[in-house]
>>> print(open('run-v7.pdb').read())   # PDB, C-alpha atoms, pLDDT in the B column
ATOM      1  CA  TYR A  26      19.443  22.793 -38.627  1.00 49.00           C
ATOM      2  CA  GLY A  27      16.508  23.377 -36.360  1.00 55.00           C
ATOM      3  CA  GLN A  28      16.202  23.655 -32.644  1.00 55.00           C
ATOM      4  CA  PRO A  29      16.808  20.372 -30.793  1.00 53.00           C
ATOM      5  CA  GLN A  30      13.516  18.845 -29.763  1.00 52.00           C
ATOM      6  CA  GLN A  31      12.993  18.182 -26.107  1.00 52.00           C
ATOM      7  CA  GLN A  32      11.589  14.786 -25.417  1.00 52.00           C
ATOM      8  CA  GLN A  33       8.451  15.034 -23.301  1.00 53.00           C
ATOM      9  CA  GLN A  34       8.577  12.661 -20.372  1.00 55.00           C
ATOM     10  CA  LYS A  35       5.339  10.870 -19.523  1.00 60.00           C
ATOM     11  CA  GLN A  36       4.022  11.987 -16.181  1.00 65.00           C
ATOM     12  CA  LYS A  37       3.925   9.140 -13.639  1.00 70.00           C
ATOM     13  CA  THR A  38       1.011   8.444 -11.321  1.00 76.00           C
ATOM     14  CA  LEU A  39       0.981   7.062  -7.797  1.00 80.00           C
ATOM     15  CA  SER A  40      -2.198   5.640  -6.270  1.00 84.00           C
ATOM     16  CA  ILE A  41      -2.333   5.318  -2.491  1.00 86.00           C
ATOM     17  CA  ILE A  42      -5.089   3.124  -1.099  1.00 89.00           C
ATOM     18  CA  ASN A  43      -5.759   3.469   2.624  1.00 89.00           C
ATOM     19  CA  ILE A  44      -7.758   0.610   4.153  1.00 90.00           C
ATOM     20  CA  HIS A  45      -9.218  -0.464   7.466  1.00 90.00           C
ATOM     21  CA  LEU A  46     -10.546  -3.997   7.110  1.00 92.00           C
ATOM     22  CA  ASP A  47     -13.087  -5.659   9.402  1.00 91.00           C
ATOM     23  CA  HIS A  48     -11.658  -6.508  12.817  1.00 90.00           C
ATOM     24  CA  LYS A  49     -13.849  -9.525  13.586  1.00 92.00           C
ATOM     25  CA  TYR A  50     -14.458 -11.763  10.581  1.00 92.00           C
ATOM     26  CA  ALA A  51     -11.922 -13.170   8.118  1.00 91.00           C
ATOM     27  CA  ASP A  52     -14.550 -13.800   5.427  1.00 92.00           C
ATOM     28  CA  ILE A  53     -15.597 -10.138   5.509  1.00 92.00           C
ATOM     29  CA  ARG A  54     -11.928  -9.063   5.208  1.00 93.00           C
ATOM     30  CA  LEU A  55     -11.533 -11.285   2.140  1.00 94.00           C
ATOM     31  CA  THR A  56     -14.686  -9.841   0.548  1.00 93.00           C
ATOM     32  CA  GLN A  57     -13.473  -6.312   1.284  1.00 92.00           C
ATOM     33  CA  THR A  58     -10.117  -7.130  -0.336  1.00 93.00           C
ATOM     34  CA  GLN A  59     -11.790  -8.641  -3.407  1.00 93.00           C
ATOM     35  CA  ASN A  60     -13.852  -5.455  -3.696  1.00 91.00           C
ATOM     36  CA  ILE A  61     -10.686  -3.347  -3.559  1.00 91.00           C
ATOM     37  CA  ILE A  62      -9.039  -5.455  -6.282  1.00 91.00           C
ATOM     38  CA  HIS A  63     -12.188  -5.148  -8.415  1.00 90.00           C
ATOM     39  CA  TYR A  64     -12.370  -1.380  -7.771  1.00 87.00           C
ATOM     40  CA  LEU A  65      -8.752  -0.900  -8.862  1.00 86.00           C
ATOM     41  CA  SER A  66      -9.314  -2.945 -12.019  1.00 86.00           C
ATOM     42  CA  LYS A  67     -12.028  -0.464 -13.054  1.00 83.00           C
ATOM     43  CA  LYS A  68      -9.935   2.672 -12.427  1.00 79.00           C
ATOM     44  CA  PRO A  69      -7.529   4.132 -14.991  1.00 75.00           C
ATOM     45  CA  PRO A  70      -4.168   2.429 -14.390  1.00 77.00           C
ATOM     46  CA  SER A  71      -1.464   4.073 -12.309  1.00 78.00           C
ATOM     47  CA  ASP A  72       2.272   3.608 -12.664  1.00 77.00           C
ATOM     48  CA  TYR A  73       2.691   2.836  -8.952  1.00 83.00           C
ATOM     49  CA  TYR A  74       0.349   1.548  -6.239  1.00 87.00           C
ATOM     50  CA  ILE A  75       0.578   1.446  -2.469  1.00 90.00           C
ATOM     51  CA  ILE A  76      -2.033  -0.195  -0.247  1.00 92.00           C
ATOM     52  CA  LEU A  77      -1.626   0.565   3.424  1.00 91.00           C
ATOM     53  CA  GLY A  78      -3.492   0.515   6.675  1.00 91.00           C
ATOM     54  CA  ASP A  79      -5.057  -1.740   9.262  1.00 90.00           C
ATOM     55  CA  PHE A  80      -5.568  -5.101   7.544  1.00 91.00           C
ATOM     56  CA  ASN A  81      -6.509  -6.794  10.836  1.00 89.00           C
ATOM     57  CA  SER A  82      -4.744  -9.783   9.325  1.00 89.00           C
ATOM     58  CA  TYR A  83      -1.292 -11.308   9.100  1.00 82.00           C
ATOM     59  CA  LEU A  84       0.673 -11.343   5.854  1.00 79.00           C
ATOM     60  CA  GLN A  85      -0.111 -15.042   5.576  1.00 74.00           C
ATOM     61  CA  SER A  86      -2.184 -17.532   7.496  1.00 70.00           C
ATOM     62  CA  HIS A  87      -0.508 -19.644  10.155  1.00 64.00           C
ATOM     63  CA  SER A  88      -0.798 -22.713   7.928  1.00 63.00           C
ATOM     64  CA  GLY A  89       0.238 -20.724   4.845  1.00 63.00           C
ATOM     65  CA  ASP A  90      -2.572 -22.330   2.831  1.00 64.00           C
ATOM     66  CA  GLU A  91      -5.540 -20.167   3.722  1.00 77.00           C
ATOM     67  CA  ASP A  92      -6.370 -16.953   1.930  1.00 87.00           C
ATOM     68  CA  THR A  93      -5.632 -13.673   3.677  1.00 90.00           C
ATOM     69  CA  PRO A  94      -6.112 -10.138   2.347  1.00 92.00           C
ATOM     70  CA  CYS A  95      -2.349  -9.879   1.772  1.00 90.00           C
ATOM     71  CA  LYS A  96      -2.276 -13.197  -0.077  1.00 91.00           C
ATOM     72  CA  LEU A  97      -5.109 -12.071  -2.383  1.00 93.00           C
ATOM     73  CA  LEU A  98      -3.238  -8.838  -3.102  1.00 93.00           C
ATOM     74  CA  ARG A  99       0.019 -10.718  -3.722  1.00 90.00           C
ATOM     75  CA  GLU A 100      -1.767 -12.957  -6.230  1.00 91.00           C
ATOM     76  CA  SER A 101      -3.591 -10.086  -7.934  1.00 91.00           C
ATOM     77  CA  GLN A 102      -2.520  -8.657 -11.276  1.00 88.00           C
ATOM     78  CA  LEU A 103      -0.543  -5.925  -9.473  1.00 87.00           C
ATOM     79  CA  ALA A 104       1.434  -8.520  -7.460  1.00 89.00           C
ATOM     80  CA  PHE A 105       1.727  -6.579  -4.190  1.00 91.00           C
ATOM     81  CA  SER A 106       4.615  -7.181  -1.771  1.00 89.00           C
ATOM     82  CA  ASP A 107       5.188  -6.148   1.808  1.00 89.00           C
ATOM     83  CA  SER A 108       7.308  -2.978   1.772  1.00 88.00           C
ATOM     84  CA  PHE A 109       9.791  -4.441   4.257  1.00 86.00           C
ATOM     85  CA  GLU A 110      10.239  -7.527   2.071  1.00 85.00           C
ATOM     86  CA  ALA A 111      10.604  -5.323  -1.037  1.00 84.00           C
ATOM     87  CA  ILE A 112      13.903  -4.012   0.316  1.00 84.00           C
ATOM     88  CA  HIS A 113      14.897  -7.226   2.105  1.00 81.00           C
ATOM     89  CA  TRP A 114      14.540  -5.750   5.590  1.00 79.00           C
ATOM     90  CA  ASN A 115      13.265  -7.811   8.482  1.00 78.00           C
ATOM     91  CA  PRO A 116       9.660  -6.801   9.127  1.00 77.00           C
ATOM     92  CA  PRO A 117       8.670  -5.692  12.612  1.00 77.00           C
ATOM     93  CA  THR A 118       7.427  -8.381  14.953  1.00 79.00           C
ATOM     94  CA  TYR A 119       4.349  -6.330  15.836  1.00 78.00           C
ATOM     95  CA  THR A 120       2.421  -3.234  14.753  1.00 80.00           C
ATOM     96  CA  HIS A 121      -0.391  -3.649  17.268  1.00 81.00           C
ATOM     97  CA  TRP A 122       0.445  -3.581  20.970  1.00 74.00           C
ATOM     98  CA  GLY A 123       0.857  -7.173  21.890  1.00 71.00           C
ATOM     99  CA  THR A 124       2.331  -9.559  19.401  1.00 73.00           C
ATOM    100  CA  HIS A 125       0.404  -8.886  16.214  1.00 82.00           C
ATOM    101  CA  LYS A 126       1.624  -7.535  12.882  1.00 85.00           C
ATOM    102  CA  ILE A 127      -1.731  -6.638  11.349  1.00 85.00           C
ATOM    103  CA  ASP A 128      -0.873  -3.248   9.841  1.00 88.00           C
ATOM    104  CA  HIS A 129       0.916  -3.272   6.514  1.00 90.00           C
ATOM    105  CA  ILE A 130       2.240  -1.170   3.673  1.00 91.00           C
ATOM    106  CA  LEU A 131       2.117  -3.130   0.423  1.00 92.00           C
ATOM    107  CA  VAL A 132       3.683  -1.951  -2.825  1.00 90.00           C
ATOM    108  CA  ASP A 133       2.949  -3.188  -6.340  1.00 88.00           C
ATOM    109  CA  SER A 134       5.531  -4.941  -8.499  1.00 87.00           C
ATOM    110  CA  ASN A 135       6.407  -1.742 -10.430  1.00 83.00           C
ATOM    111  CA  THR A 136       7.227   0.069  -7.194  1.00 80.00           C
ATOM    112  CA  LYS A 137       9.188  -2.893  -5.835  1.00 81.00           C
ATOM    113  CA  ASP A 138      11.042  -3.769  -9.047  1.00 76.00           C
ATOM    114  CA  GLY A 139      11.828  -0.131  -9.764  1.00 73.00           C
ATOM    115  CA  ASN A 140      13.687   0.091  -6.449  1.00 73.00           C
ATOM    116  CA  ARG A 141      11.320   2.859  -5.385  1.00 83.00           C
ATOM    117  CA  VAL A 142      11.164   1.739  -1.725  1.00 87.00           C
ATOM    118  CA  LEU A 143      14.052   3.352   0.147  1.00 87.00           C
ATOM    119  CA  GLY A 144      13.121   2.450   3.720  1.00 87.00           C
ATOM    120  CA  CYS A 145      10.337   1.202   6.012  1.00 87.00           C
ATOM    121  CA  TYR A 146       9.881   2.114   9.639  1.00 86.00           C
ATOM    122  CA  VAL A 147       7.666   1.586  12.670  1.00 85.00           C
ATOM    123  CA  PHE A 148       7.182   4.424  15.149  1.00 84.00           C
ATOM    124  CA  HIS A 149       6.824   3.271  18.738  1.00 83.00           C
ATOM    125  CA  THR A 150       4.239   5.419  20.463  1.00 81.00           C
ATOM    126  CA  ASP A 151       1.417   4.984  22.926  1.00 82.00           C
ATOM    127  CA  VAL A 152      -1.125   7.274  21.222  1.00 81.00           C
ATOM    128  CA  SER A 153      -2.966   4.276  19.742  1.00 82.00           C
ATOM    129  CA  ASP A 154      -3.184   0.511  20.067  1.00 83.00           C
ATOM    130  CA  HIS A 155      -1.594   0.412  16.578  1.00 83.00           C
ATOM    131  CA  LEU A 156       1.898   1.587  15.760  1.00 82.00           C
ATOM    132  CA  PRO A 157       2.285   3.954  12.801  1.00 85.00           C
ATOM    133  CA  LEU A 158       4.172   2.620   9.792  1.00 87.00           C
ATOM    134  CA  TYR A 159       6.207   4.776   7.449  1.00 86.00           C
ATOM    135  CA  VAL A 160       7.614   4.060   4.011  1.00 88.00           C
ATOM    136  CA  ASP A 161      10.208   6.215   2.289  1.00 87.00           C
ATOM    137  CA  LEU A 162       9.748   6.218  -1.498  1.00 83.00           C
ATOM    138  CA  SER A 163      11.470   7.604  -4.535  1.00 81.00           C
ATOM    139  CA  VAL A 164       8.800   8.803  -6.974  1.00 68.00           C
ATOM    140  CA  THR A 165       8.604  11.033 -10.022  1.00 60.00           C
ATOM    141  CA  PRO A 166       8.010  13.892  -9.672  1.00 55.00           C
ATOM    142  CA  PRO A 167       9.547  14.131  -6.196  1.00 49.00           C
ATOM    143  CA  ILE A 168       6.866  16.402  -4.770  1.00 43.00           C
ATOM    144  CA  ALA A 169       5.084  15.858  -1.462  1.00 44.00           C
ATOM    145  CA  PRO A 170       1.313  16.189  -2.039  1.00 48.00           C
ATOM    146  CA  ALA A 171      -0.965  18.116   0.292  1.00 43.00           C
ATOM    147  CA  PRO A 172      -3.118  15.947   2.597  1.00 47.00           C
ATOM    148  CA  PRO A 173      -6.415  14.908   0.992  1.00 48.00           C
ATOM    149  CA  THR A 174      -9.708  16.242   2.235  1.00 43.00           C
ATOM    150  CA  THR A 175     -12.055  13.875   0.398  1.00 43.00           C
ATOM    151  CA  THR A 176     -12.403  10.126   0.071  1.00 50.00           C
ATOM    152  CA  ASP A 177     -11.232   9.853  -3.544  1.00 52.00           C
ATOM    153  CA  VAL A 178      -8.578  12.340  -4.601  1.00 47.00           C
ATOM    154  CA  ASN A 179      -7.056  12.692  -8.061  1.00 48.00           C
ATOM    155  CA  THR A 180      -4.574  15.523  -8.544  1.00 47.00           C
ATOM    156  CA  GLY A 181      -3.098  14.386 -11.830  1.00 47.00           C
ATOM    157  CA  TRP A 182      -0.065  12.432 -10.645  1.00 45.00           C
ATOM    158  CA  TRP A 183      -1.225  10.895  -7.377  1.00 49.00           C
ATOM    159  CA  ASN A 184      -4.495   9.372  -6.237  1.00 51.00           C
ATOM    160  CA  ILE A 185      -5.703   8.451  -2.782  1.00 53.00           C
ATOM    161  CA  PHE A 186      -8.581   6.038  -2.250  1.00 55.00           C
ATOM    162  CA  ASN A 187      -9.915   5.334   1.224  1.00 54.00           C
ATOM    163  CA  PHE A 188     -11.741   2.096   2.039  1.00 52.00           C
ATOM    164  CA  TRP A 189     -13.364   1.926   5.464  1.00 47.00           C
TER     165      TRP A 189
END
>>> encode(input="run-v7.pdb", output="structure tokens")
Amino acid sequence: YGQPQQQQQKQKTLSIINIHLDHKYADIRLTQTQNIIHYLSKKPPSDYYIILGDFNSYLQSHSGDEDTPCKLLRESQLAFSDSFEAIHWNPPTYTHWGTHKIDHILVDSNTKDGNRVLGCYVFHTDVSDHLPLYVDLSVTPPIAPAPPTTTDVNTGWWNIFNFW
């Protein structure tokens, strides 16, 4: 009778992709989004992905037929969803002063299906023309990482990629 063996749990990874897409031209935003999807396909896979920031675009086009950055991400292999929709909350009517919801937090299907999104919020403030968004997640390990100081950060269990 030996010592009971402890089962080693695989460490999970979380990749956070911060974006600021072009504010003038839809075709440039689509190219930028395609580049992000291509970039992620070349990186070692993560267990969870979050893409957030200023998309300068609605979740879907007004007609629903045209491509938008969010639509491309929804149809990508990672099948991103709006964080508000992931928990069946009504999304805010605007994130940019006026009537535009052009800032988003998207989560991949693993994050959504694993019930990792606990809450989504908009902070109303006048420090910018955009309102800050906040998502509350349950991740393993439950440790808050230090803020990154470089464009691409890899600390072992979380990654941050900035696209500007």
>>> atom_distance(input="run-v7.pdb", atom1="CA of Ile61 (chain A)", atom2="CA of Tyr73 (chain A)")
15.7 Å
>>> residues_around(input="run-v7.pdb", residues="region 151-164 of chain A", least_positions_apart="3", cutoff="6 Å", atoms="all atoms listed in the file", output="CSV table (one decimal) with C-alpha atoms, in the frame of the given file")
chain,number,residue,atom,x,y,z
A,120,THR,CA,2.4,-3.2,14.8
A,121,HIS,CA,-0.4,-3.6,17.3
A,122,TRP,CA,0.4,-3.6,21.0
A,141,ARG,CA,11.3,2.9,-5.4
A,142,VAL,CA,11.2,1.7,-1.7
A,143,LEU,CA,14.1,3.4,0.1
A,144,GLY,CA,13.1,2.4,3.7
A,145,CYS,CA,10.3,1.2,6.0
A,146,TYR,CA,9.9,2.1,9.6
A,147,VAL,CA,7.7,1.6,12.7
A,148,PHE,CA,7.2,4.4,15.1
A,167,PRO,CA,9.5,14.1,-6.2
>>> closest_residue(input="run-v7.pdb", among="A:Ser66, A:Ser82, A:Thr118, A:Thr124", to="Ala51 (chain A)", atoms="only C-alpha atoms")
A:Ser82
>>> closest_residue(input="run-v7.pdb", among="A:Ile44, A:Ile62, A:Ile53, A:Leu39", to="Leu103 (chain A)", atoms="all atoms listed in the file")
A:Ile62
>>> closest_residue(input="run-v7.pdb", among="A:Leu98, A:Ala104, A:Ile112, A:Ile41", to="Ile76 (chain A)", atoms="only C-alpha atoms")
A:Ile41
>>> atom_distance(input="run-v7.pdb", atom1="CA of Gly139 (chain A)", atom2="CA of Asp72 (chain A)")
10.7 Å
>>> atom_distance(input="run-v7.pdb", atom1="CA of Gln57 (chain A)", atom2="CA of Gly78 (chain A)")
13.2 Å
>>> residues_near_point(input="run-v7.pdb", point="(-12.2, -8.6, -3.5)", cutoff="12 Å", atoms="all atoms listed in the file", output="NGL selection string")
:A and (46 or 52-66 or 92-98 or 100-101)
>>> resolve_selection(input="run-v7.pdb", expression="the PyMOL selection byres ((chain A and resi 134) around 7)", output="PyMOL selection string")
chain A and resi 103-105+132-133+135-138
>>> closest_residue(input="run-v7.pdb", among="A:His149, A:His113, A:Lys37, A:Lys49", to="Asn81 (chain A)", atoms="all atoms listed in the file")
A:Lys49
>>> residues_around(input="run-v7.pdb", residues="Ser108 (chain A)", least_positions_apart="2", cutoff="6 Å", atoms="only C-alpha atoms", output="JSON, numbers by chain")
{"A": [110, 111, 130, 131, 132]}
>>> build_atoms(input="run-v7.pdb", residues="region 83-104 of chain A", atoms="N, CA and C atoms", output="PDB file, in the coordinates of the input")
ATOM      1  N   TYR A  83      -2.713 -11.072   9.321  1.00 82.00           N
ATOM      2  CA  TYR A  83      -1.292 -11.308   9.100  1.00 82.00           C
ATOM      3  C   TYR A  83      -0.981 -11.324   7.610  1.00 82.00           C
ATOM      4  N   LEU A  84       0.286 -11.251   7.260  1.00 79.00           N
ATOM      5  CA  LEU A  84       0.673 -11.343   5.854  1.00 79.00           C
ATOM      6  C   LEU A  84       0.225 -12.664   5.248  1.00 79.00           C
ATOM      7  N   GLN A  85       0.359 -13.730   6.027  1.00 74.00           N
ATOM      8  CA  GLN A  85      -0.111 -15.042   5.576  1.00 74.00           C
ATOM      9  C   GLN A  85      -0.724 -15.768   6.756  1.00 74.00           C
ATOM     10  N   SER A  86      -1.547 -16.760   6.431  1.00 70.00           N
ATOM     11  CA  SER A  86      -2.184 -17.532   7.496  1.00 70.00           C
ATOM     12  C   SER A  86      -1.127 -18.366   8.210  1.00 70.00           C
ATOM     13  N   HIS A  87      -1.466 -18.834   9.390  1.00 64.00           N
ATOM     14  CA  HIS A  87      -0.508 -19.644  10.155  1.00 64.00           C
ATOM     15  C   HIS A  87      -0.140 -20.923   9.411  1.00 64.00           C
ATOM     16  N   SER A  88      -1.093 -21.499   8.690  1.00 63.00           N
ATOM     17  CA  SER A  88      -0.798 -22.713   7.928  1.00 63.00           C
ATOM     18  C   SER A  88      -0.137 -22.381   6.588  1.00 63.00           C
ATOM     19  N   GLY A  89      -0.320 -21.130   6.122  1.00 63.00           N
ATOM     20  CA  GLY A  89       0.238 -20.724   4.845  1.00 63.00           C
ATOM     21  C   GLY A  89      -0.652 -21.074   3.669  1.00 63.00           C
ATOM     22  N   ASP A  90      -1.701 -21.873   3.910  1.00 64.00           N
ATOM     23  CA  ASP A  90      -2.572 -22.330   2.831  1.00 64.00           C
ATOM     24  C   ASP A  90      -3.838 -21.492   2.680  1.00 64.00           C
ATOM     25  N   GLU A  91      -4.279 -20.901   3.759  1.00 77.00           N
ATOM     26  CA  GLU A  91      -5.540 -20.167   3.722  1.00 77.00           C
ATOM     27  C   GLU A  91      -5.343 -18.792   3.103  1.00 77.00           C
ATOM     28  N   ASP A  92      -6.420 -18.293   2.497  1.00 87.00           N
ATOM     29  CA  ASP A  92      -6.370 -16.953   1.930  1.00 87.00           C
ATOM     30  C   ASP A  92      -6.381 -15.909   3.036  1.00 87.00           C
ATOM     31  N   THR A  93      -5.616 -14.868   2.832  1.00 90.00           N
ATOM     32  CA  THR A  93      -5.632 -13.673   3.677  1.00 90.00           C
ATOM     33  C   THR A  93      -5.730 -12.486   2.730  1.00 90.00           C
ATOM     34  N   PRO A  94      -6.099 -11.308   3.226  1.00 92.00           N
ATOM     35  CA  PRO A  94      -6.112 -10.138   2.347  1.00 92.00           C
ATOM     36  C   PRO A  94      -4.760  -9.923   1.647  1.00 92.00           C
ATOM     37  N   CYS A  95      -3.675 -10.076   2.372  1.00 90.00           N
ATOM     38  CA  CYS A  95      -2.349  -9.879   1.772  1.00 90.00           C
ATOM     39  C   CYS A  95      -2.072 -10.917   0.691  1.00 90.00           C
ATOM     40  N   LYS A  96      -2.493 -12.151   0.924  1.00 91.00           N
ATOM     41  CA  LYS A  96      -2.276 -13.197  -0.077  1.00 91.00           C
ATOM     42  C   LYS A  96      -3.064 -12.883  -1.354  1.00 91.00           C
ATOM     43  N   LEU A  97      -4.317 -12.439  -1.207  1.00 93.00           N
ATOM     44  CA  LEU A  97      -5.109 -12.071  -2.383  1.00 93.00           C
ATOM     45  C   LEU A  97      -4.443 -10.941  -3.157  1.00 93.00           C
ATOM     46  N   LEU A  98      -3.905  -9.963  -2.436  1.00 93.00           N
ATOM     47  CA  LEU A  98      -3.238  -8.838  -3.102  1.00 93.00           C
ATOM     48  C   LEU A  98      -1.928  -9.263  -3.757  1.00 93.00           C
ATOM     49  N   ARG A  99      -1.217 -10.193  -3.121  1.00 90.00           N
ATOM     50  CA  ARG A  99       0.019 -10.718  -3.722  1.00 90.00           C
ATOM     51  C   ARG A  99      -0.288 -11.446  -5.033  1.00 90.00           C
ATOM     52  N   GLU A 100      -1.404 -12.159  -5.061  1.00 91.00           N
ATOM     53  CA  GLU A 100      -1.767 -12.957  -6.230  1.00 91.00           C
ATOM     54  C   GLU A 100      -2.559 -12.166  -7.272  1.00 91.00           C
ATOM     55  N   SER A 101      -2.852 -10.912  -6.977  1.00 91.00           N
ATOM     56  CA  SER A 101      -3.591 -10.086  -7.934  1.00 91.00           C
ATOM     57  C   SER A 101      -2.683  -9.690  -9.092  1.00 91.00           C
ATOM     58  N   GLN A 102      -3.267  -9.073 -10.089  1.00 88.00           N
ATOM     59  CA  GLN A 102      -2.520  -8.657 -11.276  1.00 88.00           C
ATOM     60  C   GLN A 102      -1.389  -7.686 -10.911  1.00 88.00           C
ATOM     61  N   LEU A 103      -1.560  -6.901  -9.866  1.00 87.00           N
ATOM     62  CA  LEU A 103      -0.543  -5.925  -9.473  1.00 87.00           C
ATOM     63  C   LEU A 103       0.565  -6.532  -8.622  1.00 87.00           C
ATOM     64  N   ALA A 104       0.401  -7.767  -8.185  1.00 89.00           N
ATOM     65  CA  ALA A 104       1.434  -8.520  -7.460  1.00 89.00           C
ATOM     66  C   ALA A 104       2.059  -7.712  -6.327  1.00 89.00           C
TER      67      ALA A 104
END
